[in-house]
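Okay, model_8.cif now, which holds mmCIF, C-alpha atoms:
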data_coords
#
loop_
_atom_site.label_atom_id
_atom_site.label_comp_id
_atom_site.auth_asym_id
_atom_site.auth_seq_id
_atom_site.Cartn_x
_atom_site.Cartn_y
_atom_site.Cartn_z
CA MET O 1 16.16 17.48 -1.72
CA ASN O 2 15.30 17.93 -5.41
CA TYR O 3 17.66 15.56 -7.19
CA SER O 4 16.40 16.44 -10.64
CA ILE O 5 18.79 19.42 -10.81
CA LEU O 6 21.89 17.31 -10.09
CA ALA O 7 22.37 15.79 -13.54
CA PRO O 8 20.85 18.11 -16.16
CA SER O 9 22.88 16.54 -18.98
CA GLN O 10 21.85 12.98 -18.14
CA SER O 11 18.51 11.63 -19.23
CA ARG O 12 16.29 9.92 -16.70
CA LYS O 13 16.51 6.75 -18.77
CA PHE O 14 20.30 6.48 -18.44
CA LEU O 15 20.17 7.23 -14.72
CA ARG O 16 17.61 4.50 -14.20
CA MET O 17 19.47 1.96 -16.33
CA ALA O 18 22.75 2.64 -14.51
CA VAL O 19 21.27 2.12 -11.05
CA ALA O 20 19.37 -0.94 -12.29
CA ALA O 21 22.68 -2.37 -13.55
CA PHE O 22 24.18 -2.20 -10.05
CA PHE O 23 21.15 -4.02 -8.59
CA PHE O 24 21.59 -6.68 -11.29
CA VAL O 25 25.31 -7.05 -10.56
CA GLN O 26 24.65 -7.51 -6.85
CA GLY O 27 22.01 -10.20 -7.45
CA LEU O 28 24.24 -11.94 -9.99
CA SER O 29 27.18 -12.12 -7.58
CA PHE O 30 25.19 -13.27 -4.54
CA ALA O 31 23.36 -16.04 -6.42
CA ALA O 32 26.65 -17.28 -7.89
CA TRP O 33 27.93 -17.91 -4.36
CA ALA O 34 24.63 -19.46 -3.25
CA SER O 35 24.59 -21.87 -6.19
CA ARG O 36 28.00 -23.32 -5.24
CA ILE O 37 27.50 -23.68 -1.47
CA PRO O 38 27.22 -27.53 -1.74
CA ASP O 39 30.51 -27.64 -3.70
CA ILE O 40 32.29 -25.43 -1.17
CA LYS O 41 30.90 -27.62 1.63
CA ASN O 42 32.28 -30.77 0.00
CA MET O 43 35.58 -29.11 -0.86
CA LEU O 44 36.20 -28.18 2.79
CA HIS O 45 34.65 -31.44 4.15
CA LEU O 46 32.15 -29.54 6.29
CA THR O 47 29.31 -31.22 8.17
CA GLU O 48 25.78 -29.74 8.02
CA GLY O 49 26.30 -28.20 11.45
CA GLY O 50 29.71 -26.88 10.48
CA LEU O 51 28.32 -25.33 7.32
CA GLY O 52 25.51 -23.68 9.27
CA THR O 53 28.01 -22.11 11.64
CA VAL O 54 30.24 -20.90 8.79
CA LEU O 55 27.28 -19.37 6.94
CA LEU O 56 26.62 -17.08 9.91
CA ALA O 57 29.74 -15.13 8.93
CA LEU O 58 27.95 -13.47 6.00
CA PRO O 59 24.99 -11.97 7.93
CA LEU O 60 27.37 -11.04 10.75
CA GLY O 61 29.46 -9.05 8.27
CA LEU O 62 26.29 -7.45 6.96
CA MET O 63 25.04 -6.49 10.42
CA ALA O 64 28.46 -5.19 11.47
CA SER O 65 28.55 -2.88 8.46
CA LEU O 66 25.04 -1.42 8.75
CA PRO O 67 25.83 1.73 10.78
CA ILE O 68 29.23 2.19 9.13
CA SER O 69 27.77 1.89 5.62
CA GLY O 70 25.20 4.60 6.27
CA TRP O 71 27.89 6.96 7.56
CA MET O 72 30.23 6.23 4.61
CA VAL O 73 27.48 6.79 2.03
CA THR O 74 26.56 10.09 3.72
CA HIS O 75 30.15 11.28 4.21
CA TYR O 76 31.71 10.20 0.88
CA GLY O 77 28.64 10.08 -1.35
CA SER O 78 26.56 7.21 -2.69
CA ARG O 79 28.15 7.41 -6.15
CA LYS O 80 31.67 6.70 -4.88
CA MET O 81 30.50 4.07 -2.41
CA VAL O 82 28.38 2.13 -4.91
CA LEU O 83 31.46 1.85 -7.15
CA ILE O 84 33.82 0.81 -4.33
CA GLY O 85 31.30 -1.58 -2.79
CA ALA O 86 30.35 -3.28 -6.05
CA VAL O 87 33.96 -3.75 -7.17
CA LEU O 88 35.03 -5.18 -3.80
CA TYR O 89 31.93 -7.41 -3.75
CA ALA O 90 32.86 -8.94 -7.12
CA ILE O 91 36.53 -9.35 -6.15
CA THR O 92 35.60 -10.98 -2.83
CA LEU O 93 33.38 -13.43 -4.72
CA THR O 94 36.44 -14.72 -6.58
CA CYS O 95 38.29 -15.13 -3.26
CA ILE O 96 35.60 -17.52 -2.03
CA GLY O 97 36.52 -19.98 -4.77
CA PHE O 98 40.16 -20.12 -3.66
CA VAL O 99 39.69 -20.80 0.06
CA SER O 100 41.34 -23.97 1.32
CA ARG O 101 40.51 -23.84 5.04
CA THR O 102 37.35 -23.19 7.03
CA GLU O 103 38.73 -20.15 8.82
CA GLN O 104 39.58 -18.59 5.46
CA LEU O 105 35.99 -19.07 4.32
CA VAL O 106 34.68 -17.43 7.49
CA ILE O 107 36.88 -14.35 6.93
CA VAL O 108 35.99 -14.06 3.25
CA LEU O 109 32.25 -14.49 3.88
CA PHE O 110 32.38 -11.81 6.58
CA ALA O 111 33.96 -9.45 4.03
CA PHE O 112 31.41 -10.55 1.40
CA GLY O 113 28.59 -9.55 3.75
CA LEU O 114 30.31 -6.27 4.61
CA TRP O 115 30.85 -5.16 0.98
CA GLY O 116 27.44 -6.48 0.00
CA ASN O 117 25.71 -4.24 2.52
CA LEU O 118 27.81 -1.20 1.61
CA THR O 119 26.71 -1.72 -2.00
CA ASN O 120 23.12 -2.27 -0.87
CA ILE O 121 22.89 0.99 1.11
CA ALA O 122 24.67 2.98 -1.61
CA VAL O 123 22.63 1.62 -4.53
CA ASN O 124 19.34 2.10 -2.66
CA THR O 125 20.37 5.68 -1.91
CA GLN O 126 21.00 6.11 -5.64
CA ALA O 127 17.62 4.52 -6.38
CA VAL O 128 15.84 6.94 -4.02
CA ALA O 129 17.46 9.85 -5.88
CA VAL O 130 16.44 8.50 -9.29
CA GLU O 131 12.92 7.87 -8.02
CA GLN O 132 12.69 11.53 -6.99
CA VAL O 133 13.75 12.53 -10.50
CA TYR O 134 10.88 10.44 -11.90
CA GLY O 135 8.42 11.73 -9.31
CA LYS O 136 6.71 8.35 -8.96
CA SER O 137 7.34 4.92 -7.49
CA ILE O 138 9.98 2.93 -9.40
CA MET O 139 11.84 1.33 -6.48
CA ALA O 140 10.20 -2.10 -6.75
CA SER O 141 11.46 -2.57 -10.32
CA PHE O 142 15.05 -2.10 -9.11
CA HIS O 143 14.59 -4.85 -6.53
CA GLY O 144 12.91 -6.95 -9.22
CA LEU O 145 16.12 -6.82 -11.23
CA TRP O 146 18.00 -8.15 -8.20
CA SER O 147 15.61 -11.12 -8.13
CA LEU O 148 15.85 -11.60 -11.90
CA ALA O 149 19.64 -11.58 -11.67
CA GLY O 150 19.37 -14.30 -9.04
CA PHE O 151 17.45 -16.51 -11.46
CA VAL O 152 19.93 -15.85 -14.27
CA SER O 153 22.90 -16.55 -12.02
CA ALA O 154 21.32 -19.73 -10.66
CA MET O 155 20.86 -20.97 -14.24
CA ILE O 156 24.50 -20.17 -15.04
CA GLY O 157 25.54 -22.00 -11.87
CA SER O 158 23.49 -25.06 -12.82
CA LEU O 159 25.09 -25.08 -16.27
CA PHE O 160 28.63 -24.79 -14.89
CA ILE O 161 27.97 -27.53 -12.33
CA SER O 162 26.59 -29.82 -15.04
CA ILE O 163 29.77 -29.48 -17.12
CA SER O 164 32.04 -29.77 -14.05
CA ILE O 165 33.44 -26.24 -14.08
CA PRO O 166 34.99 -25.58 -10.63
CA PRO O 167 33.80 -22.73 -8.39
CA GLN O 168 37.02 -20.78 -8.96
CA ILE O 169 36.40 -20.47 -12.71
CA HIS O 170 32.69 -19.87 -12.20
CA PHE O 171 33.29 -17.00 -9.77
CA ILE O 172 35.99 -15.42 -11.96
CA PHE O 173 33.57 -15.52 -14.92
CA ILE O 174 30.82 -13.80 -12.89
CA ALA O 175 33.26 -11.25 -11.46
CA ILE O 176 34.54 -10.29 -14.93
CA ALA O 177 30.97 -9.90 -16.18
CA ALA O 178 30.10 -7.82 -13.11
CA LEU O 179 33.14 -5.55 -13.49
CA ALA O 180 32.33 -5.03 -17.17
CA VAL O 181 28.78 -3.94 -16.31
CA ILE O 182 30.05 -1.70 -13.50
CA THR O 183 32.52 -0.02 -15.87
CA MET O 184 29.77 0.76 -18.40
CA ALA O 185 27.13 1.82 -15.87
CA TYR O 186 29.13 3.92 -13.41
CA LYS O 187 29.50 7.03 -15.59
CA HIS O 188 25.72 7.31 -15.79
CA THR O 189 25.01 7.00 -12.04
CA MET O 190 23.46 9.87 -10.08
CA PRO O 191 26.07 12.45 -8.99
CA ASP O 192 25.99 13.45 -5.32
CA SER O 193 25.15 17.02 -4.50
CA SER O 194 27.93 19.13 -3.05
CA LYS O 195 25.72 19.61 -0.01
CA SER O 196 25.36 15.93 0.85
CA GLU O 197 28.83 14.74 -0.12
CA GLY O 198 31.17 15.21 2.81
CA GLU O 199 28.30 16.15 5.08
CA GLU O 200 29.20 15.71 8.73
CA GLN O 201 27.03 13.09 10.40
CA PRO O 202 27.56 11.06 13.56
CA MET O 203 28.33 7.41 12.86
CA PHE O 204 25.54 6.16 15.15
CA VAL O 205 22.15 7.87 15.02
CA LYS O 206 19.03 6.79 16.85
CA PRO O 207 16.14 6.53 14.35
CA ASP O 208 13.15 8.76 15.05
CA ARG O 209 9.61 7.47 15.48
CA ASP O 210 8.82 7.63 11.76
CA LEU O 211 11.89 5.62 10.76
CA LEU O 212 11.28 3.17 13.59
CA THR O 213 7.79 2.53 12.22
CA LEU O 214 9.21 1.91 8.75
CA GLY O 215 11.79 -0.44 10.25
CA LEU O 216 9.05 -2.41 12.03
CA ILE O 217 7.09 -2.73 8.76
CA GLY O 218 10.22 -4.08 7.09
CA PHE O 219 10.86 -6.33 10.10
CA CYS O 220 7.42 -7.99 9.82
CA ALA O 221 7.77 -8.51 6.07
CA MET O 222 11.31 -9.89 6.34
CA VAL O 223 10.33 -12.36 9.06
CA CYS O 224 7.89 -13.69 6.47
CA GLU O 225 10.47 -13.58 3.67
CA GLY O 226 13.12 -15.37 5.72
CA ALA O 227 10.62 -18.03 6.73
CA MET O 228 9.68 -18.68 3.12
CA PHE O 229 13.29 -18.88 1.98
CA ASP O 230 14.36 -21.37 4.65
CA TRP O 231 11.21 -23.31 5.57
CA SER O 232 8.92 -23.49 2.52
CA GLY O 233 10.39 -26.82 1.38
CA VAL O 234 10.18 -28.28 4.88
CA TYR O 235 6.58 -27.09 5.22
CA PHE O 236 5.57 -28.80 1.98
CA GLN O 237 7.33 -31.95 3.10
CA GLU O 238 6.07 -32.18 6.69
CA ALA O 239 2.75 -30.30 6.69
CA VAL O 240 1.49 -30.68 3.11
CA HIS O 241 3.00 -34.19 2.74
CA VAL O 242 3.93 -33.88 -0.92
CA PRO O 243 6.16 -36.40 -2.76
CA SER O 244 9.88 -35.73 -2.42
CA ASN O 245 10.14 -34.45 -6.00
CA MET O 246 7.60 -31.68 -5.25
CA THR O 247 8.99 -30.23 -2.02
CA THR O 248 10.35 -27.16 -3.85
CA LEU O 249 6.96 -26.28 -5.36
CA GLY O 250 6.08 -23.84 -2.57
CA TYR O 251 9.44 -22.08 -2.83
CA VAL O 252 9.15 -21.82 -6.62
CA ALA O 253 5.61 -20.43 -6.31
CA PHE O 254 6.76 -17.87 -3.75
CA MET O 255 9.80 -16.77 -5.79
CA ALA O 256 7.79 -16.52 -9.01
CA THR O 257 5.22 -14.09 -7.63
CA MET O 258 7.80 -12.21 -5.56
CA THR O 259 9.85 -11.53 -8.69
CA GLY O 260 6.83 -10.78 -10.85
CA GLY O 261 5.33 -8.60 -8.13
CA ARG O 262 8.40 -6.39 -8.08
CA PHE O 263 7.96 -5.59 -11.76
CA THR O 264 4.25 -4.80 -11.38
CA GLY O 265 4.36 -3.33 -7.87
CA ASP O 266 5.41 0.16 -9.00
CA TRP O 267 2.50 0.42 -11.42
CA LEU O 268 0.05 -0.67 -8.74
CA ALA O 269 1.58 1.60 -6.07
CA ASN O 270 1.35 4.61 -8.41
CA ARG O 271 -2.26 3.72 -9.18
CA ILE O 272 -3.65 3.09 -5.68
CA GLY O 273 -1.05 4.86 -3.54
CA ARG O 274 1.90 3.55 -1.53
CA ARG O 275 0.05 3.33 1.76
CA LYS O 276 -2.76 1.24 0.27
CA MET O 277 -0.18 -0.88 -1.53
CA LEU O 278 1.55 -1.71 1.76
CA GLN O 279 -1.79 -2.43 3.41
CA LEU O 280 -2.72 -4.72 0.53
CA SER O 281 0.69 -6.45 0.82
CA GLY O 282 0.11 -7.18 4.51
CA VAL O 283 -3.35 -8.59 3.79
CA LEU O 284 -2.00 -10.81 1.00
CA MET O 285 0.83 -12.18 3.14
CA ALA O 286 -1.48 -12.92 6.07
CA THR O 287 -4.19 -14.42 3.82
CA GLY O 288 -1.72 -16.61 1.94
CA LEU O 289 -0.22 -17.99 5.13
CA ALA O 290 -3.69 -18.56 6.62
CA ILE O 291 -4.70 -20.58 3.56
CA ALA O 292 -1.52 -22.67 3.79
CA VAL O 293 -2.03 -23.24 7.53
CA PHE O 294 -5.75 -24.07 7.55
CA PHE O 295 -5.78 -25.93 4.23
CA PRO O 296 -2.43 -27.79 4.07
CA TYR O 297 -3.08 -29.46 0.72
CA LEU O 298 -1.05 -29.25 -2.48
CA VAL O 299 -3.24 -26.86 -4.49
CA SER O 300 -4.36 -24.65 -1.61
CA ALA O 301 -0.90 -24.37 -0.01
CA THR O 302 0.67 -23.55 -3.38
CA PHE O 303 -1.97 -20.86 -3.97
CA GLY O 304 -1.30 -19.50 -0.48
CA PHE O 305 2.44 -19.27 -1.15
CA LEU O 306 1.72 -17.48 -4.44
CA LEU O 307 -0.19 -14.82 -2.47
CA VAL O 308 2.62 -14.54 0.08
CA GLY O 309 5.19 -13.96 -2.69
CA PHE O 310 3.20 -11.13 -4.23
CA GLY O 311 2.55 -9.64 -0.79
CA VAL O 312 6.23 -9.66 0.17
CA SER O 313 7.45 -8.31 -3.17
CA SER O 314 6.84 -4.57 -2.72
CA VAL O 315 7.19 -4.06 1.03
CA VAL O 316 10.95 -3.56 1.33
CA PRO O 317 11.23 -1.39 -1.84
CA LEU O 318 8.40 0.88 -0.63
CA VAL O 319 9.82 1.06 2.89
CA TYR O 320 13.28 1.95 1.57
CA SER O 321 11.76 4.57 -0.72
CA ALA O 322 9.94 6.15 2.22
CA ALA O 323 13.07 6.06 4.40
CA GLY O 324 15.02 7.89 1.71
CA ARG O 325 12.57 10.80 2.01
CA SER O 326 13.33 11.34 5.70
CA THR O 327 13.82 14.99 6.65
CA THR O 328 15.60 14.25 9.95
CA MET O 329 18.72 12.54 8.55
CA SER O 330 20.44 11.83 5.26
CA ALA O 331 19.10 9.17 2.90
CA GLY O 332 22.09 6.91 3.55
CA MET O 333 21.75 7.08 7.33
CA ALA O 334 17.98 6.64 7.17
CA LEU O 335 18.29 3.61 4.90
CA ALA O 336 20.92 2.08 7.19
CA ALA O 337 18.68 2.56 10.24
CA VAL O 338 15.62 1.03 8.57
CA SER O 339 17.71 -1.80 7.07
CA SER O 340 19.13 -2.64 10.50
CA ILE O 341 15.68 -3.10 12.04
CA SER O 342 14.26 -4.89 9.00
CA PHE O 343 17.12 -7.34 8.62
CA ILE O 344 16.78 -8.50 12.22
CA GLY O 345 13.45 -9.97 11.10
CA PHE O 346 15.18 -11.86 8.30
CA LEU O 347 17.65 -13.31 10.81
CA ILE O 348 15.24 -14.30 13.58
CA GLY O 349 12.36 -15.51 11.39
CA PRO O 350 13.81 -18.94 10.49
CA PRO O 351 15.03 -19.76 14.04
CA LEU O 352 11.67 -18.62 15.46
CA ILE O 353 9.86 -21.12 13.24
CA GLY O 354 12.19 -23.90 14.35
CA ILE O 355 11.73 -23.13 18.06
CA VAL O 356 7.93 -22.98 17.86
CA ALA O 357 7.80 -26.11 15.71
CA GLN O 358 9.91 -27.94 18.28
CA PHE O 359 7.37 -27.27 21.05
CA ALA O 360 4.15 -27.16 19.05
CA ASP O 361 3.76 -27.76 15.33
CA LEU O 362 5.13 -26.37 12.05
CA ARG O 363 1.68 -25.07 11.15
CA TRP O 364 1.60 -23.08 14.41
CA SER O 365 4.94 -21.55 13.42
CA PHE O 366 3.58 -20.38 10.09
CA ALA O 367 0.45 -19.06 11.83
CA ILE O 368 2.63 -16.82 14.04
CA VAL O 369 4.46 -15.57 10.94
CA GLY O 370 1.06 -14.82 9.40
CA ILE O 371 0.10 -12.71 12.43
CA LEU O 372 3.35 -10.74 12.10
CA ALA O 373 2.69 -10.32 8.38
CA SER O 374 -0.72 -8.81 9.12
CA MET O 375 1.04 -6.17 11.25
CA THR O 376 2.50 -4.80 8.02
CA ALA O 377 -0.97 -3.54 7.11
CA VAL O 378 -1.61 -2.16 10.61
CA LEU O 379 1.71 -0.32 10.89
CA SER O 380 1.40 1.08 7.35
CA SER O 381 -1.69 2.96 8.46
CA LYS O 382 0.39 4.79 11.09
CA ALA O 383 3.54 5.50 9.04
CA ARG O 384 3.73 9.23 8.34
CA LEU O 385 6.54 8.98 5.77
CA ILE O 386 4.42 6.75 3.52
CA GLN O 387 2.41 8.92 1.14
#
Would you give me this structure, written as C-alpha cells?
Amino acid sequence: MNYSILAPSQSRKFLRMAVAAFFFVQGLSFAAWASRIPDIKNMLHLTEGGLGTVLLALPLGLMASLPISGWMVTHYGSRKMVLIGAVLYAITLTCIGFVSRTEQLVIVLFAFGLWGNLTNIAVNTQAVAVEQVYGKSIMASFHGLWSLAGFVSAMIGSLFISISIPPQIHFIFIAIAALAVITMAYKHTMPDSSKSEGEEQPMFVKPDRDLLTLGLIGFCAMVCEGAMFDWSGVYFQEAVHVPSNMTTLGYVAFMATMTGGRFTGDWLANRIGRRKMLQLSGVLMATGLAIAVFFPYLVSATFGFLLVGFGVSSVVPLVYSAAGRSTTMSAGMALAAVSSISFIGFLIGPPLIGIVAQFADLRWSFAIVGILASMTAVLSSKARLIQ
C-alpha cells in the first residue's frame, strides 16, 4: 500500500518525529522498571529464585498478547492502538510501584508485558508506514531511540536511587513525562487508511514461507541479543577472568555499539542494500563471538563484543521493515507473526547458554550462539521480502 497519500497535510518530518516519540516513551518506561528491580525485590523480600520466577510474568504477558495484538492493530488501526497501548503501558508502570504482595506484582507485570507488546506491534506498524513515505530505510533509527531512551531512563533511575526517591514517585514521574509526550505526538501520527482499519482478519494466521524465513532471521539474532543481555557479565567474570569492577565492560561495549549501530544502520543499509546489510550483520555477530571465544582476554573479548553489538543492532529493525511489506497479510499481522518467532529466540537464548555451560563450558555456549548468529547471513540470502 502507498502510505504517502494518507496524510497529505502532514510533513514527513512530523510523521517521523511522532512515531519516534512513541519508541522513546516505550524505552523510557521499560528502563524505569528495570532500574528499580532490586528495590522491588527488597520491598517484597524476594529471594533470587523467587524474583526469577516473578520476572517470567512479563515475557509471558508479551507472548500471550502476540497474536491478539496483531489482530487488534489490523482490526482497529495502528493509530488507535499505539495510543491505547502507550497510555496503558505508562499507567501500568505506576501500578508496579504500589504493589505490596508478590501475586500483585505477577499480575501487574503480566499486564505490563501485554500492553508493552500491543504498543510494540502498533508503533512498528506505524514505523513501516512512515518508512514507505520516505521510500528508504529509516527503521533502525526508530529502534535506536528506544535504546537511547533506555540510557536516559537508567540515568534518571540512578539519580532517583541516589537521593532515596521511592519507586512509586519515580514511576509516577516517568508516567507523567510519557503521557505528556504521547499527548503532543499523537496528533501527528500516521492515520490508518479506511481500507485497513476495520479490515476483517482471522485472529490466528499461519505465517507463509517468506515470513517464516524473516522470523528465523530474527530468532537467530535475538538468541544472540538475549545471551549478551543476560550472560555478558558472567562471561567476562568466568571466561575472561577480569577483576570484579570490570565485569560489566562487555555489556557496556555491546550496548554502546548496538545503540550507535541503530543510528548509523539506516545510512549503511540504504548505501549497500538491506540484504547485504543483514549478511554483514550476521558475519559481524559470528566474528565477534568467535574472537571472544578463541581469545578470551580483556582487549580481544571487549573488541569481539563491540562487533556483536553492531551486528545485532540492525537485524530486528530490518526484519520488521521487511515483514511490514508482506503482500499476504496486513502489516500488523505480519509483524506479530515475525515477532512471535523472533522473541522465542530471546527467551530460549539465556537458558540454552546455562544448560550447555552446565555440561560443557561457558565458551562452548557462546560458540553455539555464534553458529546461530552466522545463520542470520545464510537465511538473509534466501529471504525474498528483503530487497
d(atom CA of O:Gly233, atom CA of O:Trp364) in Å: 16.2 Å
Pick from O:Thr264, O:Ser11, O:Thr213, O:Thr248 nearest to O:Phe229, counting all atoms listed in the file: O:Thr248
Answer key for the PyMOL selection byres ((chain O and resi 265-275) around 8), residues as a list in words: Lys136, Ser137, Ile138, Met139, Ala140, Ser141, Gly261, Arg262, Phe263, Thr264, Lys276, Met277, Leu278, Gln279, Ser313, Ser314, Leu318, Ser380, Ser381, Ile386 and Gln387 of chain O
Selection dump of the PyMOL selection byres ((chain O and resi 156-163) around 10), as a PyMOL selection string: chain O and resi 28+31-36+39+150-155+164-167+169-171+174
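Residue neighbourhood of stretch 55-61 of chain O, excluding near-sequence residues (fewer than 5 positions): Gly50, Leu66, Leu105, Val106, Ile107, Val108, Leu109, Phe110, Ala111, Phe112, Gly113, Leu114, Trp115, Gly116, Asn117 and Leu347 of chain O, at 9 Å, using all atoms listed in the file.
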Residue contacts of O:Met43 (12 Å, all atoms listed in the file) excluding same-chain residues fewer than 5 positions away, as a count of residues only: 15
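Remark: for O:Ala185, the closest of the candidate residues O:Pro350, O:Arg79, O:Val293, O:Gln358 is O:Arg79 (distances computed over all atoms listed in the file).
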Point (1.1, -13.4, 12.8) neighbourhood (12 Å, only C-alpha atoms) written as an MDAnalysis selection string: chainID O and resid 220:221 223:224 282:283 285:290 293 349 353 363:378
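Atom CA of O:Gly27 sits 6.5 Å away from atom CA of O:Ser147.
Atom to atom, atom CA of O:Thr92 and atom CA of O:Met72 stand 19.5 Å apart.
Proximity ranking of O:Trp71, O:Tyr251, O:Tyr320, O:Phe23 relative to O:Glu131 places O:Tyr320 first, based on all atoms listed in the file.
Of the listed residues (O:Val240, O:Met81, O:Ala18, O:Leu249), O:Ala18 comes nearest to O:Thr183; the distances count only C-alpha atoms.
Checking O:Ala337, O:Leu352, O:Val133, O:Leu298 one by one against O:Ile68, counting only C-alpha atoms, you find the shortest gap at O:Ala337.
When the PyMOL selection byres ((chain O and resi 309) around 9) is evaluated against the file, it yields O:Glu225, O:Met228, O:Ala253, O:Phe254, O:Met255, O:Ala256, O:Thr257, O:Met258, O:Thr259, O:Gly260, O:Gly261, O:Leu284, O:Met285, O:Gly288, O:Gly304, O:Phe305, O:Leu306, O:Leu307, O:Val308, O:Phe310, O:Gly311, O:Val312, O:Ser313.
Nearest residue to O:Val338, choosing from O:Leu179, O:Val316, O:Ala357, O:Val25 and counting only C-alpha atoms: O:Val316.
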Reconstructed N, CA and C atoms for stretch 170-186 of chain O, given as a short mmCIF file (atom, residue, chain, number, x, y, z; two decimals), in the frame of the given file:
data_model
loop_
_atom_site.label_atom_id
_atom_site.label_comp_id
_atom_site.auth_asym_id
_atom_site.auth_seq_id
_atom_site.Cartn_x
_atom_site.Cartn_y
_atom_site.Cartn_z
N HIS O 170 34.05 -20.42 -12.20
CA HIS O 170 32.69 -19.87 -12.20
C HIS O 170 32.69 -18.46 -11.61
N PHE O 171 33.31 -18.29 -10.44
CA PHE O 171 33.29 -17.00 -9.77
C PHE O 171 34.09 -15.95 -10.53
N ILE O 172 35.20 -16.36 -11.14
CA ILE O 172 35.99 -15.42 -11.96
C ILE O 172 35.16 -14.94 -13.15
N PHE O 173 34.43 -15.86 -13.78
CA PHE O 173 33.57 -15.52 -14.92
C PHE O 173 32.52 -14.48 -14.51
N ILE O 174 31.85 -14.73 -13.38
CA ILE O 174 30.82 -13.80 -12.89
C ILE O 174 31.44 -12.45 -12.52
N ALA O 175 32.60 -12.49 -11.87
CA ALA O 175 33.26 -11.25 -11.46
C ALA O 175 33.65 -10.40 -12.66
N ILE O 176 34.17 -11.03 -13.71
CA ILE O 176 34.54 -10.29 -14.93
C ILE O 176 33.31 -9.66 -15.57
N ALA O 177 32.22 -10.43 -15.63
CA ALA O 177 30.97 -9.90 -16.18
C ALA O 177 30.47 -8.73 -15.34
N ALA O 178 30.55 -8.88 -14.01
CA ALA O 178 30.10 -7.82 -13.11
C ALA O 178 30.94 -6.56 -13.28
N LEU O 179 32.25 -6.71 -13.34
CA LEU O 179 33.14 -5.55 -13.49
C LEU O 179 32.93 -4.85 -14.83
N ALA O 180 32.61 -5.63 -15.86
CA ALA O 180 32.33 -5.03 -17.17
C ALA O 180 31.07 -4.17 -17.11
N VAL O 181 30.03 -4.70 -16.46
CA VAL O 181 28.78 -3.94 -16.31
C VAL O 181 29.00 -2.69 -15.47
N ILE O 182 29.76 -2.84 -14.38
CA ILE O 182 30.05 -1.70 -13.50
C ILE O 182 30.77 -0.60 -14.28
N THR O 183 31.75 -0.99 -15.09
CA THR O 183 32.52 -0.02 -15.87
C THR O 183 31.62 0.78 -16.81
N MET O 184 30.67 0.09 -17.46
CA MET O 184 29.77 0.76 -18.40
C MET O 184 28.72 1.62 -17.68
N ALA O 185 28.26 1.15 -16.53
CA ALA O 185 27.13 1.82 -15.87
C ALA O 185 27.56 2.99 -15.00
N TYR O 186 28.76 2.94 -14.44
CA TYR O 186 29.13 3.92 -13.41
C TYR O 186 29.05 5.37 -13.89
#
